[in-house]
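Q: Structure supplied as protein.pdb; contents: PDB, C-alpha atoms and all ligand atoms.
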ATOM      1  CA  ALA E   1     -37.737  -1.986 -66.271
ATOM      2  CA  ALA E   2     -37.711  -3.711 -69.631
ATOM      3  CA  PRO E   3     -40.897  -5.823 -69.970
ATOM      4  CA  VAL E   4     -39.207  -8.081 -72.504
ATOM      5  CA  ALA E   5     -36.724  -9.314 -69.901
ATOM      6  CA  PHE E   6     -39.553 -10.069 -67.483
ATOM      7  CA  ILE E   7     -41.454 -12.030 -70.081
ATOM      8  CA  GLY E   8     -38.265 -14.041 -70.620
ATOM      9  CA  GLY E   9     -38.121 -14.694 -66.883
ATOM     10  CA  VAL E  10     -41.738 -15.852 -66.792
ATOM     11  CA  SER E  11     -41.098 -18.415 -69.506
ATOM     12  CA  ARG E  12     -37.854 -19.542 -67.865
ATOM     13  CA  ALA E  13     -39.840 -20.131 -64.673
ATOM     14  CA  ALA E  14     -42.500 -22.057 -66.581
ATOM     15  CA  ARG E  15     -39.849 -24.460 -67.847
ATOM     16  CA  ALA E  16     -38.874 -25.060 -64.197
ATOM     17  CA  GLY E  17     -42.489 -25.925 -63.307
ATOM     18  CA  ILE E  18     -43.251 -22.527 -61.795
ATOM     19  CA  LEU E  19     -46.334 -20.691 -62.999
ATOM     20  CA  MET E  20     -46.013 -16.902 -62.629
ATOM     21  CA  LYS E  21     -49.231 -14.942 -62.942
ATOM     22  CA  GLY E  22     -47.795 -12.205 -65.103
ATOM     23  CA  SER E  23     -44.541 -10.283 -65.009
ATOM     24  CA  ALA E  24     -45.786  -8.271 -61.992
ATOM     25  CA  ALA E  25     -45.436 -11.433 -59.880
ATOM     26  CA  LEU E  26     -41.855 -11.835 -61.070
ATOM     27  CA  GLU E  27     -41.011  -8.178 -60.332
ATOM     28  CA  ALA E  28     -42.507  -8.464 -56.841
ATOM     29  CA  LEU E  29     -40.613 -11.708 -56.187
ATOM     30  CA  ALA E  30     -37.305  -9.956 -56.789
ATOM     31  CA  GLN E  31     -38.051  -7.634 -53.826
ATOM     32  CA  ILE E  32     -38.907 -10.326 -51.247
ATOM     33  CA  ARG E  33     -37.023 -10.092 -47.919
ATOM     34  CA  THR E  34     -39.323 -12.116 -45.639
ATOM     35  CA  ALA E  35     -40.557 -15.633 -46.356
ATOM     36  CA  ILE E  36     -43.421 -17.182 -44.401
ATOM     37  CA  PHE E  37     -44.056 -20.905 -44.648
ATOM     38  CA  ASP E  38     -47.116 -22.881 -43.669
ATOM     39  CA  LYS E  39     -46.075 -26.129 -41.940
ATOM     40  CA  THR E  40     -48.411 -29.034 -42.673
ATOM     41  CA  GLY E  41     -48.212 -30.067 -46.318
ATOM     42  CA  THR E  42     -45.766 -27.260 -47.133
ATOM     43  CA  LEU E  43     -42.611 -27.779 -45.056
ATOM     44  CA  THR E  44     -43.778 -31.320 -44.292
ATOM     45  CA  LEU E  45     -45.316 -34.017 -46.432
ATOM     46  CA  GLY E  46     -48.708 -33.655 -44.741
ATOM     47  CA  GLY E  47     -49.094 -36.890 -42.838
ATOM     48  CA  ALA E  48     -49.397 -39.552 -45.496
ATOM     49  CA  GLU E  49     -48.425 -42.388 -43.199
ATOM     50  CA  LEU E  50     -50.630 -43.635 -40.356
ATOM     51  CA  ILE E  51     -48.430 -44.604 -37.397
ATOM     52  CA  GLU E  52     -50.972 -45.468 -34.748
ATOM     53  CA  ILE E  53     -54.645 -45.570 -33.833
ATOM     54  CA  ASP E  54     -55.629 -45.266 -30.179
ATOM     55  CA  VAL E  55     -59.288 -45.798 -29.339
ATOM     56  CA  ALA E  56     -61.486 -45.626 -26.260
ATOM     57  CA  PRO E  57     -61.872 -49.022 -24.517
ATOM     58  CA  ASP E  58     -65.430 -49.413 -25.843
ATOM     59  CA  ARG E  59     -64.496 -48.606 -29.461
ATOM     60  CA  GLN E  60     -63.098 -50.576 -32.396
ATOM     61  CA  ALA E  61     -60.258 -48.975 -34.384
ATOM     62  CA  ASP E  62     -61.690 -49.908 -37.796
ATOM     63  CA  GLU E  63     -65.123 -48.527 -36.924
ATOM     64  CA  VAL E  64     -63.707 -45.192 -35.750
ATOM     65  CA  LEU E  65     -61.499 -45.033 -38.856
ATOM     66  CA  ARG E  66     -64.520 -45.804 -41.066
ATOM     67  CA  LEU E  67     -66.555 -42.959 -39.541
ATOM     68  CA  LEU E  68     -63.588 -40.563 -39.672
ATOM     69  CA  ALA E  69     -62.818 -41.376 -43.312
ATOM     70  CA  SER E  70     -66.509 -41.067 -44.230
ATOM     71  CA  LEU E  71     -66.524 -37.547 -42.799
ATOM     72  CA  GLU E  72     -63.166 -36.615 -44.391
ATOM     73  CA  GLN E  73     -64.613 -37.271 -47.848
ATOM     74  CA  ALA E  74     -66.100 -33.766 -47.452
ATOM     75  CA  SER E  75     -62.718 -32.100 -46.725
ATOM     76  CA  HIS E  76     -59.968 -30.915 -49.072
ATOM     77  CA  HIS E  77     -57.250 -30.923 -46.427
ATOM     78  CA  VAL E  78     -54.051 -32.908 -47.202
ATOM     79  CA  LEU E  79     -54.802 -35.121 -44.220
ATOM     80  CA  ALA E  80     -58.298 -35.855 -45.485
ATOM     81  CA  ASP E  81     -56.927 -37.340 -48.711
ATOM     82  CA  SER E  82     -54.556 -39.559 -46.711
ATOM     83  CA  ILE E  83     -57.278 -40.728 -44.334
ATOM     84  CA  VAL E  84     -59.711 -41.660 -47.111
ATOM     85  CA  ARG E  85     -56.950 -43.526 -48.951
ATOM     86  CA  ILE E  86     -55.936 -45.456 -45.813
ATOM     87  CA  ALA E  87     -59.553 -46.491 -45.111
ATOM     88  CA  ARG E  88     -60.069 -47.648 -48.712
ATOM     89  CA  ARG E  89     -56.866 -49.673 -48.543
ATOM     90  CA  ARG E  90     -58.314 -51.417 -45.463
ATOM     91  CA  LYS E  91     -61.428 -52.199 -47.528
ATOM     92  CA  LEU E  92     -63.692 -50.202 -45.222
ATOM     93  CA  THR E  93     -67.040 -49.203 -46.726
ATOM     94  CA  LEU E  94     -67.488 -45.454 -46.385
ATOM     95  CA  SER E  95     -70.814 -43.689 -45.862
ATOM     96  CA  GLN E  96     -71.903 -40.334 -47.208
ATOM     97  CA  PRO E  97     -71.541 -37.605 -44.556
ATOM     98  CA  CYS E  98     -74.172 -34.863 -44.174
ATOM     99  CA  ASP E  99     -74.513 -31.490 -42.417
ATOM    100  CA  VAL E 100     -70.749 -31.071 -42.663
ATOM    101  CA  ARG E 101     -69.171 -27.880 -41.306
ATOM    102  CA  GLU E 102     -65.470 -27.532 -42.024
ATOM    103  CA  HIS E 103     -63.418 -25.375 -39.683
ATOM    104  CA  ARG E 104     -60.579 -24.643 -42.039
ATOM    105  CA  GLY E 105     -57.209 -25.458 -40.552
ATOM    106  CA  GLU E 106     -58.785 -27.087 -37.506
ATOM    107  CA  GLY E 107     -60.919 -29.955 -38.717
ATOM    108  CA  LEU E 108     -64.579 -30.636 -39.352
ATOM    109  CA  LYS E 109     -67.850 -31.828 -37.889
ATOM    110  CA  GLY E 110     -70.812 -33.604 -39.431
ATOM    111  CA  LEU E 111     -73.200 -36.540 -39.333
ATOM    112  CA  VAL E 112     -72.344 -40.045 -40.520
ATOM    113  CA  ASN E 113     -75.043 -42.725 -40.284
ATOM    114  CA  GLY E 114     -76.934 -40.453 -37.908
ATOM    115  CA  MET E 115     -73.980 -40.181 -35.537
ATOM    116  CA  SER E 116     -72.271 -36.848 -34.903
ATOM    117  CA  VAL E 117     -68.587 -37.048 -35.819
ATOM    118  CA  ALA E 118     -66.001 -34.369 -35.018
ATOM    119  CA  ALA E 119     -62.425 -34.665 -36.282
ATOM    120  CA  GLY E 120     -59.404 -32.434 -36.054
ATOM    121  CA  SER E 121     -57.233 -30.595 -33.583
ATOM    122  CA  ARG E 122     -57.643 -31.163 -29.858
ATOM    123  CA  PRO E 123     -59.143 -27.705 -29.165
ATOM    124  CA  LEU E 124     -61.730 -28.134 -31.924
ATOM    125  CA  VAL E 125     -62.779 -31.610 -30.848
ATOM    126  CA  LEU E 126     -62.425 -31.403 -27.064
ATOM    127  CA  GLY E 127     -62.476 -27.703 -26.314
ATOM    128  CA  GLY E 128     -60.303 -27.143 -23.258
ATOM    129  CA  GLY E 129     -61.467 -30.382 -21.628
ATOM    130  CA  PRO E 130     -59.154 -32.957 -20.039
ATOM    131  CA  LEU E 131     -58.147 -36.206 -21.738
ATOM    132  CA  PRO E 132     -59.486 -39.553 -20.524
ATOM    133  CA  GLY E 133     -56.844 -41.957 -19.172
ATOM    134  CA  TRP E 134     -56.400 -44.040 -22.341
ATOM    135  CA  ALA E 135     -55.857 -40.877 -24.385
ATOM    136  CA  GLU E 136     -53.393 -39.418 -21.914
ATOM    137  CA  SER E 137     -50.926 -42.251 -22.509
ATOM    138  CA  ALA E 138     -51.473 -42.059 -26.276
ATOM    139  CA  GLU E 139     -50.672 -38.330 -26.159
ATOM    140  CA  LYS E 140     -47.386 -38.987 -24.326
ATOM    141  CA  ARG E 141     -46.154 -41.469 -26.905
ATOM    142  CA  HIS E 142     -44.451 -40.031 -30.006
ATOM    143  CA  ARG E 143     -43.788 -36.770 -28.171
ATOM    144  CA  SER E 144     -40.326 -36.632 -29.664
ATOM    145  CA  ALA E 145     -41.320 -37.614 -33.195
ATOM    146  CA  GLN E 146     -42.631 -35.494 -36.068
ATOM    147  CA  VAL E 147     -46.308 -36.310 -35.972
ATOM    148  CA  LEU E 148     -49.731 -34.935 -36.767
ATOM    149  CA  ARG E 149     -52.681 -35.816 -34.592
ATOM    150  CA  VAL E 150     -56.331 -36.100 -35.456
ATOM    151  CA  PHE E 151     -58.744 -36.323 -32.522
ATOM    152  CA  VAL E 152     -62.099 -37.967 -33.240
ATOM    153  CA  ALA E 153     -65.230 -37.584 -31.130
ATOM    154  CA  LEU E 154     -68.392 -39.615 -31.693
ATOM    155  CA  ASP E 155     -71.623 -38.167 -30.317
ATOM    156  CA  GLY E 156     -69.561 -35.702 -28.303
ATOM    157  CA  ARG E 157     -67.245 -38.208 -26.638
ATOM    158  CA  LEU E 158     -63.557 -38.740 -27.577
ATOM    159  CA  ALA E 159     -63.399 -42.063 -29.432
ATOM    160  CA  GLY E 160     -59.970 -42.110 -31.053
ATOM    161  CA  ILE E 161     -56.644 -40.399 -31.621
ATOM    162  CA  PHE E 162     -54.979 -40.951 -34.990
ATOM    163  CA  THR E 163     -51.240 -40.324 -35.177
ATOM    164  CA  PHE E 164     -49.675 -39.680 -38.587
ATOM    165  CA  GLY E 165     -46.010 -39.393 -39.401
ATOM    166  CA  ASP E 166     -45.347 -35.921 -40.771
ATOM    167  CA  ALA E 167     -41.790 -35.887 -42.044
ATOM    168  CA  ILE E 168     -40.075 -32.687 -43.147
ATOM    169  CA  ARG E 169     -39.627 -32.540 -46.918
ATOM    170  CA  GLU E 170     -36.210 -33.681 -48.090
ATOM    171  CA  ASP E 171     -35.529 -30.397 -49.870
ATOM    172  CA  ALA E 172     -36.590 -28.122 -46.971
ATOM    173  CA  ILE E 173     -33.115 -27.396 -45.564
ATOM    174  CA  GLU E 174     -31.700 -26.808 -49.023
ATOM    175  CA  THR E 175     -34.575 -24.465 -49.887
ATOM    176  CA  VAL E 176     -34.183 -22.388 -46.721
ATOM    177  CA  GLY E 177     -30.432 -22.092 -47.399
ATOM    178  CA  ALA E 178     -31.043 -21.077 -51.006
ATOM    179  CA  LEU E 179     -33.508 -18.376 -49.932
ATOM    180  CA  ARG E 180     -30.977 -16.896 -47.513
ATOM    181  CA  ALA E 181     -28.389 -16.974 -50.293
ATOM    182  CA  VAL E 182     -30.567 -14.763 -52.505
ATOM    183  CA  GLY E 183     -31.108 -12.207 -49.744
ATOM    184  CA  VAL E 184     -34.177 -13.343 -47.798
ATOM    185  CA  THR E 185     -33.323 -12.137 -44.299
ATOM    186  CA  ARG E 186     -36.291 -13.389 -42.285
ATOM    187  CA  ILE E 187     -37.842 -16.871 -42.507
ATOM    188  CA  VAL E 188     -40.947 -17.575 -40.471
ATOM    189  CA  MET E 189     -43.258 -20.519 -39.853
ATOM    190  CA  LEU E 190     -46.992 -19.983 -39.588
ATOM    191  CA  THR E 191     -49.070 -22.997 -38.642
ATOM    192  CA  GLY E 192     -52.508 -24.044 -37.480
ATOM    193  CA  ASP E 193     -50.818 -26.833 -35.562
ATOM    194  CA  ASP E 194     -49.768 -26.599 -31.898
ATOM    195  CA  SER E 195     -46.468 -25.075 -30.796
ATOM    196  CA  ALA E 196     -44.842 -28.385 -29.784
ATOM    197  CA  ALA E 197     -45.217 -29.758 -33.319
ATOM    198  CA  ALA E 198     -44.178 -26.417 -34.807
ATOM    199  CA  GLU E 199     -41.011 -26.008 -32.728
ATOM    200  CA  LYS E 200     -39.739 -29.431 -33.771
ATOM    201  CA  VAL E 201     -39.878 -28.549 -37.424
ATOM    202  CA  SER E 202     -38.667 -24.942 -37.126
ATOM    203  CA  ALA E 203     -35.681 -25.781 -34.906
ATOM    204  CA  SER E 204     -34.169 -28.171 -37.429
ATOM    205  CA  LEU E 205     -34.655 -25.616 -40.213
ATOM    206  CA  LYS E 206     -33.289 -22.671 -38.150
ATOM    207  CA  PHE E 207     -36.246 -20.372 -38.679
ATOM    208  CA  ASP E 208     -36.258 -16.820 -37.303
ATOM    209  CA  ALA E 209     -39.761 -16.998 -35.804
ATOM    210  CA  VAL E 210     -42.637 -19.424 -35.266
ATOM    211  CA  PHE E 211     -46.338 -18.642 -35.000
ATOM    212  CA  ALA E 212     -48.443 -21.650 -33.931
ATOM    213  CA  ASP E 213     -52.172 -22.301 -33.299
ATOM    214  CA  ALA E 214     -53.036 -19.905 -36.128
ATOM    215  CA  THR E 215     -56.535 -19.867 -37.620
ATOM    216  CA  PRO E 216     -56.894 -18.859 -41.292
ATOM    217  CA  ALA E 217     -57.817 -15.342 -40.092
ATOM    218  CA  GLY E 218     -54.819 -15.305 -37.743
ATOM    219  CA  LYS E 219     -52.580 -16.289 -40.657
ATOM    220  CA  VAL E 220     -53.795 -13.250 -42.593
ATOM    221  CA  GLU E 221     -53.037 -10.988 -39.613
ATOM    222  CA  THR E 222     -49.478 -12.307 -39.284
ATOM    223  CA  VAL E 223     -48.878 -11.860 -43.007
ATOM    224  CA  LYS E 224     -50.050  -8.235 -42.765
ATOM    225  CA  VAL E 225     -47.774  -7.528 -39.795
ATOM    226  CA  GLU E 226     -44.741  -8.986 -41.600
ATOM    227  CA  LYS E 227     -45.626  -7.167 -44.821
ATOM    228  CA  ALA E 228     -45.634  -3.834 -42.984
ATOM    229  CA  THR E 229     -41.910  -4.341 -42.314
ATOM    230  CA  ALA E 230     -40.660  -5.904 -45.561
ATOM    231  CA  PRO E 231     -41.927  -7.338 -48.859
ATOM    232  CA  THR E 232     -43.260 -10.719 -47.789
ATOM    233  CA  MET E 233     -43.802 -14.021 -49.553
ATOM    234  CA  MET E 234     -46.302 -16.524 -48.137
ATOM    235  CA  VAL E 235     -45.876 -20.166 -49.157
ATOM    236  CA  GLY E 236     -48.751 -22.557 -48.497
ATOM    237  CA  ASP E 237     -50.480 -25.633 -49.802
ATOM    238  CA  GLY E 238     -53.982 -25.839 -48.431
ATOM    239  CA  ILE E 239     -57.346 -24.167 -48.941
ATOM    240  CA  ASN E 240     -56.939 -22.825 -45.426
ATOM    241  CA  ASP E 241     -53.959 -20.812 -46.678
ATOM    242  CA  ALA E 242     -55.778 -19.066 -49.545
ATOM    243  CA  PRO E 243     -56.591 -15.824 -47.628
ATOM    244  CA  ALA E 244     -52.989 -15.599 -46.330
ATOM    245  CA  LEU E 245     -51.608 -16.137 -49.844
ATOM    246  CA  ALA E 246     -53.825 -13.320 -51.115
ATOM    247  CA  ALA E 247     -52.694 -10.980 -48.305
ATOM    248  CA  ALA E 248     -48.949 -11.415 -48.972
ATOM    249  CA  THR E 249     -46.812  -9.325 -51.329
ATOM    250  CA  VAL E 250     -46.404 -12.573 -53.251
ATOM    251  CA  GLY E 251     -48.464 -15.701 -52.504
ATOM    252  CA  VAL E 252     -46.931 -19.007 -53.560
ATOM    253  CA  ALA E 253     -49.137 -22.115 -53.794
ATOM    254  CA  LEU E 254     -47.376 -25.442 -53.583
ATOM    255  CA  GLY E 255     -48.203 -28.695 -55.370
ATOM    256  CA  ALA E 256     -51.097 -27.394 -57.412
ATOM    257  CA  ARG E 257     -53.976 -29.803 -57.350
ATOM    258  CA  GLY E 258     -55.599 -28.061 -60.328
ATOM    259  CA  GLY E 259     -57.921 -25.109 -59.844
ATOM    260  CA  THR E 260     -57.762 -25.194 -56.058
ATOM    261  CA  ALA E 261     -58.578 -22.176 -53.912
ATOM    262  CA  SER E 262     -54.917 -21.783 -52.961
ATOM    263  CA  SER E 263     -53.706 -21.735 -56.571
ATOM    264  CA  GLU E 264     -56.456 -19.209 -57.447
ATOM    265  CA  ALA E 265     -55.370 -16.926 -54.594
ATOM    266  CA  ALA E 266     -51.661 -17.221 -55.380
ATOM    267  CA  ASP E 267     -49.429 -15.077 -57.591
ATOM    268  CA  VAL E 268     -47.043 -17.962 -58.155
ATOM    269  CA  VAL E 269     -47.959 -21.640 -58.428
ATOM    270  CA  VAL E 270     -45.378 -24.396 -58.026
ATOM    271  CA  LEU E 271     -46.659 -27.234 -60.181
ATOM    272  CA  THR E 272     -44.569 -30.006 -58.663
ATOM    273  CA  ASP E 273     -45.151 -31.211 -55.134
ATOM    274  CA  SER E 274     -41.782 -29.951 -53.853
ATOM    275  CA  LEU E 275     -40.244 -26.924 -52.138
ATOM    276  CA  GLN E 276     -37.050 -26.324 -54.063
ATOM    277  CA  PRO E 277     -38.813 -24.459 -56.952
ATOM    278  CA  VAL E 278     -39.748 -21.741 -54.420
ATOM    279  CA  ALA E 279     -36.080 -20.768 -54.155
ATOM    280  CA  GLU E 280     -35.627 -21.242 -57.886
ATOM    281  CA  ALA E 281     -38.468 -18.762 -58.483
ATOM    282  CA  LEU E 282     -36.615 -16.106 -56.465
ATOM    283  CA  ARG E 283     -33.340 -16.865 -58.233
ATOM    284  CA  ILE E 284     -35.015 -16.421 -61.614
ATOM    285  CA  ALA E 285     -36.737 -13.221 -60.459
ATOM    286  CA  MET E 286     -33.486 -11.677 -59.246
ATOM    287  CA  ARG E 287     -31.517 -12.703 -62.292
ATOM    288  CA  THR E 288     -34.265 -11.273 -64.512
ATOM    289  CA  ARG E 289     -34.250  -7.965 -62.637
ATOM    290  CA  GLY E 290     -30.489  -7.867 -63.111
ATOM    291  CA  ILE E 291     -31.007  -8.111 -66.875
ATOM    292  CA  ALA E 292     -33.928  -5.674 -66.928
ATOM    293  CA  LEU E 293     -32.307  -2.843 -64.981
TER     294      LEU E 293
HETATM  295  P1  LIG E 301     -50.754 -25.980 -41.060
HETATM  296  O1  LIG E 301     -51.273 -24.604 -40.803
HETATM  297  O2  LIG E 301     -49.422 -26.233 -40.466
HETATM  298  O3  LIG E 301     -50.811 -26.352 -42.510
HETATM  299  P2  LIG E 301     -53.229 -27.201 -40.660
HETATM  300  O4  LIG E 301     -53.956 -25.929 -40.381
HETATM  301  O5  LIG E 301     -53.343 -27.762 -42.016
HETATM  302  O6  LIG E 301     -51.716 -26.976 -40.301
HETATM  303  O7  LIG E 301     -53.679 -28.294 -39.609
HETATM  304  C1  LIG E 301     -53.539 -28.089 -38.226
HETATM  305  C2  LIG E 301     -54.201 -29.211 -37.461
HETATM  306  O8  LIG E 301     -55.618 -29.135 -37.679
HETATM  307  C3  LIG E 301     -53.803 -30.608 -37.899
HETATM  308  O9  LIG E 301     -52.698 -31.078 -37.193
HETATM  309  C4  LIG E 301     -55.071 -31.425 -37.573
HETATM  310  O10 LIG E 301     -55.069 -31.821 -36.219
HETATM  311  C5  LIG E 301     -56.184 -30.426 -37.752
HETATM  312  N1  LIG E 301     -56.929 -30.523 -39.032
HETATM  313  C6  LIG E 301     -57.065 -29.578 -39.972
HETATM  314  N2  LIG E 301     -57.857 -29.989 -40.984
HETATM  315  C7  LIG E 301     -58.219 -31.253 -40.687
HETATM  316  C8  LIG E 301     -59.037 -32.243 -41.330
HETATM  317  N3  LIG E 301     -59.652 -32.049 -42.498
HETATM  318  N4  LIG E 301     -59.179 -33.431 -40.706
HETATM  319  C9  LIG E 301     -58.581 -33.648 -39.533
HETATM  320  N5  LIG E 301     -57.806 -32.775 -38.885
HETATM  321  C10 LIG E 301     -57.630 -31.584 -39.433
HETATM  322 MG    MG E 302     -50.970 -26.663 -44.715
END
Here is a file; write its structure as structure tokens.
A:
Amino acid sequence: AAPVAFIGGVSRAARAGILMKGSAALEALAQIRTAIFDKTGTLTLGGAELIEIDVAPDRQADEVLRLLASLEQASHHVLADSIVRIARRRKLTLSQPCDVREHRGEGLKGLVNGMSVAAGSRPLVLGGGPLPGWAESAEKRHRSAQVLRVFVALDGRLAGIFTFGDAIREDAIETVGALRAVGVTRIVMLTGDDSAAAEKVSASLKFDAVFADATPAGKVETVKVEKATAPTMMVGDGINDAPALAAATVGVALGARGGTASSEAADVVVLTDSLQPVAEALRIAMRTRGIAL
């Protein structure tokens, strides 16, 4: 291959807002046959809009939100940013959390004003336990919609369920189509979210496979399995995706929020907060290989 052509491709990509870490990334991109996408914050916008708060009968919505947002100050998840912003907009005074343990891709636990606060997915917060009556009806609502849920427990008891709208990105369908057009034969979703939420998104995008309830370690395993069959690209946004990005033939980090773990682990960084450049990166890589060979 002619290195000069690849250097040209790297600079062409840069003008399109795509940072390639060297010409090796561009060469590898041209071989990609399988594309794996994270869901939350990658295929979707990551839950910026709060639709509903359901709280236990003895709790106040603003108080639960205040404790949740206080805890989320310690997280770098897309949802955490949204939650803190929403609480500030409601003029709630946040407290400093302590003893925080983040379970990447699942949620986090810590102390706020001496109270233990757990926030995140239902398994993390409740284990396998049943839902109390008030939560049962909250769970049933929005079943058909694209939503993200954050369960909040205070001192070990479920206190609130926060439902966020999690719309699919406008350019998702176009991006999937463009990837198929450049020869990507298998498109897969890999998410830490539950299968109901995952199926809704993958069905409308016509994915070839869906892997739900994945931990960061599980994401790495799936990437390795796919990579054994074909050169595989992993596209993700969050810190929880960093190990999976590193394990892929090519890791693509979306919407770089400067110096994040995911952009460090990635071979390709999309600087804008959109999906379409992912397909553009492959187009540039393939065109460049055409010139180089
Ligand atoms: P994906 O793998 O699709 O990007 P995530 O792993 O980011 O999904 O999130 C999966 C679920 O974990 C979310 O729907 C949410 O319930 C929970 N979660 C993860 N991180 C947090 C957090 N910082 N605060 C609250 N909930 C979280
Ligand atoms: Mg994500």
Q: Counting only C-alpha atoms, which residues of range 18-127 of chain E sit at most 6 Å from some atom of range 156-168 of chain E, and what is each one's closest atom pair with its distance in Å to one decimal, listed by chain and rising residue number, as a tab-separated table?
A:
residue	atom	partner	partner_atom	distance
E:Leu43	CA	E:Ile168	CA	5.8
E:Thr44	CA	E:Ile168	CA	4.1
E:Leu45	CA	E:Ala167	CA	5.9
E:Gly46	CA	E:Asp166	CA	5.7
E:Gly47	CA	E:Asp166	CA	4.4
E:Glu49	CA	E:Gly165	CA	5.4
E:Leu50	CA	E:Phe164	CA	4.4
E:Ile51	CA	E:Phe164	CA	5.2
E:Glu52	CA	E:Thr163	CA	5.2
E:Ile53	CA	E:Phe162	CA	4.8
E:Asp54	CA	E:Ile161	CA	5.2
E:Val55	CA	E:Gly160	CA	4.1
E:Ala56	CA	E:Ala159	CA	5.1
Q: Report, in Å to a single decimal, how far apart CA of Ala119 in chain E and CA of Leu79 in chain E are.
A: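 According to the coordinates, CA of Leu79 in chain E and CA of Ala119 in chain E are separated by 11.0 Å.
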Q: Set the distance at 12 Å and use only C-alpha atoms: which residues neighbour Arg15 in chain E once local chain neighbours fewer than 6 positions away are removed? I'd like the list as a list in words.
A: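 The filter keeps Gly8, Gly9, Val270, Leu271, Thr272, Pro277, Glu280, Ala281 and Ile284 of chain E.
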Q: Selection from above, C-alpha atoms, as a PDB file, keeping the file's coordinate frame, can you write it?
A:
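Wrote selection.pdb, looks like this:
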ATOM      1  CA  GLY E   8     -38.265 -14.041 -70.620  1.00  0.00           C
ATOM      2  CA  GLY E   9     -38.121 -14.694 -66.883  1.00  0.00           C
ATOM      3  CA  VAL E 270     -45.378 -24.396 -58.026  1.00  0.00           C
ATOM      4  CA  LEU E 271     -46.659 -27.234 -60.181  1.00  0.00           C
ATOM      5  CA  THR E 272     -44.569 -30.006 -58.663  1.00  0.00           C
ATOM      6  CA  PRO E 277     -38.813 -24.459 -56.952  1.00  0.00           C
ATOM      7  CA  GLU E 280     -35.627 -21.242 -57.886  1.00  0.00           C
ATOM      8  CA  ALA E 281     -38.468 -18.762 -58.483  1.00  0.00           C
ATOM      9  CA  ILE E 284     -35.015 -16.421 -61.614  1.00  0.00           C
TER      10      ILE E 284
END
Q: I'd like to know which of E:Gly255, E:Thr260, E:Ile36, E:Lys227 is closest to Phe207 in chain E, using all atoms listed in the file.
A: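 Result for the nearest residue to Phe207 in chain E: E:Ile36.
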Q: Check which residues satisfy the PyMOL selection byres (((not hetatm)) within 8 of (chain E and resi 302)) in the file shown, then give them as a VMD selection string.
A: chain E and resid 38 to 42 46 77 to 78 105 191 to 192 236 to 238 240 to 241
Q: Could you take the residues named above and write them with C-alpha atoms, as a compact mmCIF listing (two decimals), in the frame of the given file?
A:
# COMPACT_ATOMS: atom_id res chain seq x y z
CA ASP E 38 -47.12 -22.88 -43.67
CA LYS E 39 -46.08 -26.13 -41.94
CA THR E 40 -48.41 -29.03 -42.67
CA GLY E 41 -48.21 -30.07 -46.32
CA THR E 42 -45.77 -27.26 -47.13
CA GLY E 46 -48.71 -33.66 -44.74
CA HIS E 77 -57.25 -30.92 -46.43
CA VAL E 78 -54.05 -32.91 -47.20
CA GLY E 105 -57.21 -25.46 -40.55
CA THR E 191 -49.07 -23.00 -38.64
CA GLY E 192 -52.51 -24.04 -37.48
CA GLY E 236 -48.75 -22.56 -48.50
CA ASP E 237 -50.48 -25.63 -49.80
CA GLY E 238 -53.98 -25.84 -48.43
CA ASN E 240 -56.94 -22.82 -45.43
CA ASP E 241 -53.96 -20.81 -46.68
Q: For Arg33 in chain E, list every protein, DNA or RNA residue within 6 Å, evaluated using all atoms listed in the file, and leave out those in the same chain fewer than 5 positions away; present the list as a count of residues only.
A: 3
Q: Give as a PyMOL selection string the set of residues within 6 Å of the point (-62.2, -36.9, -46.2), where distances use the file's coordinates and all atoms listed in the file.
A: chain E and resi 69+71-75+80-81+84
Q: Using all atoms listed in the file, can you list as an mmCIF file with C-alpha atoms, keeping the file's coordinate frame the residues within 10 Å of (-36.9, -24.1, -52.6)?
A:
data_model
loop_
_atom_site.group_PDB
_atom_site.id
_atom_site.type_symbol
_atom_site.label_atom_id
_atom_site.label_comp_id
_atom_site.auth_asym_id
_atom_site.auth_seq_id
_atom_site.Cartn_x
_atom_site.Cartn_y
_atom_site.Cartn_z
ATOM 1 C CA ASP E 171 -35.529 -30.397 -49.870
ATOM 2 C CA ALA E 172 -36.590 -28.122 -46.971
ATOM 3 C CA ILE E 173 -33.115 -27.396 -45.564
ATOM 4 C CA GLU E 174 -31.700 -26.808 -49.023
ATOM 5 C CA THR E 175 -34.575 -24.465 -49.887
ATOM 6 C CA VAL E 176 -34.183 -22.388 -46.721
ATOM 7 C CA GLY E 177 -30.432 -22.092 -47.399
ATOM 8 C CA ALA E 178 -31.043 -21.077 -51.006
ATOM 9 C CA LEU E 179 -33.508 -18.376 -49.932
ATOM 10 C CA SER E 274 -41.782 -29.951 -53.853
ATOM 11 C CA LEU E 275 -40.244 -26.924 -52.138
ATOM 12 C CA GLN E 276 -37.050 -26.324 -54.063
ATOM 13 C CA PRO E 277 -38.813 -24.459 -56.952
ATOM 14 C CA VAL E 278 -39.748 -21.741 -54.420
ATOM 15 C CA ALA E 279 -36.080 -20.768 -54.155
ATOM 16 C CA GLU E 280 -35.627 -21.242 -57.886
ATOM 17 C CA ALA E 281 -38.468 -18.762 -58.483
ATOM 18 C CA LEU E 282 -36.615 -16.106 -56.465
ATOM 19 C CA ARG E 283 -33.340 -16.865 -58.233
#
Q: Which polymer residues have any atom within 6 Å of an atom of Asp267 in chain E, counting only C-alpha atoms, with same-chain residues fewer than 6 positions away left out, as an MDAnalysis selection string?
A: chainID E and resid 21 25 250:251
Q: For this structure, which residues satisfy the selection - the PyMOL selection byres (((chain E and resi 7) around 12) and not hetatm) - when it is evaluated on the file as given? I want them as a ChimeraX atom specification.
A: /E:1-6,8-14,20-27,284-285,288-289,291-292
Q: Identify which of the residues E:Leu68, E:Met286, E:Leu126, E:Leu245 lies closest to Val182 in chain E, counting only C-alpha atoms when measuring atom-to-atom distances.
A: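 Once distances to Val182 in chain E are computed over only C-alpha atoms, the minimum belongs to E:Met286.
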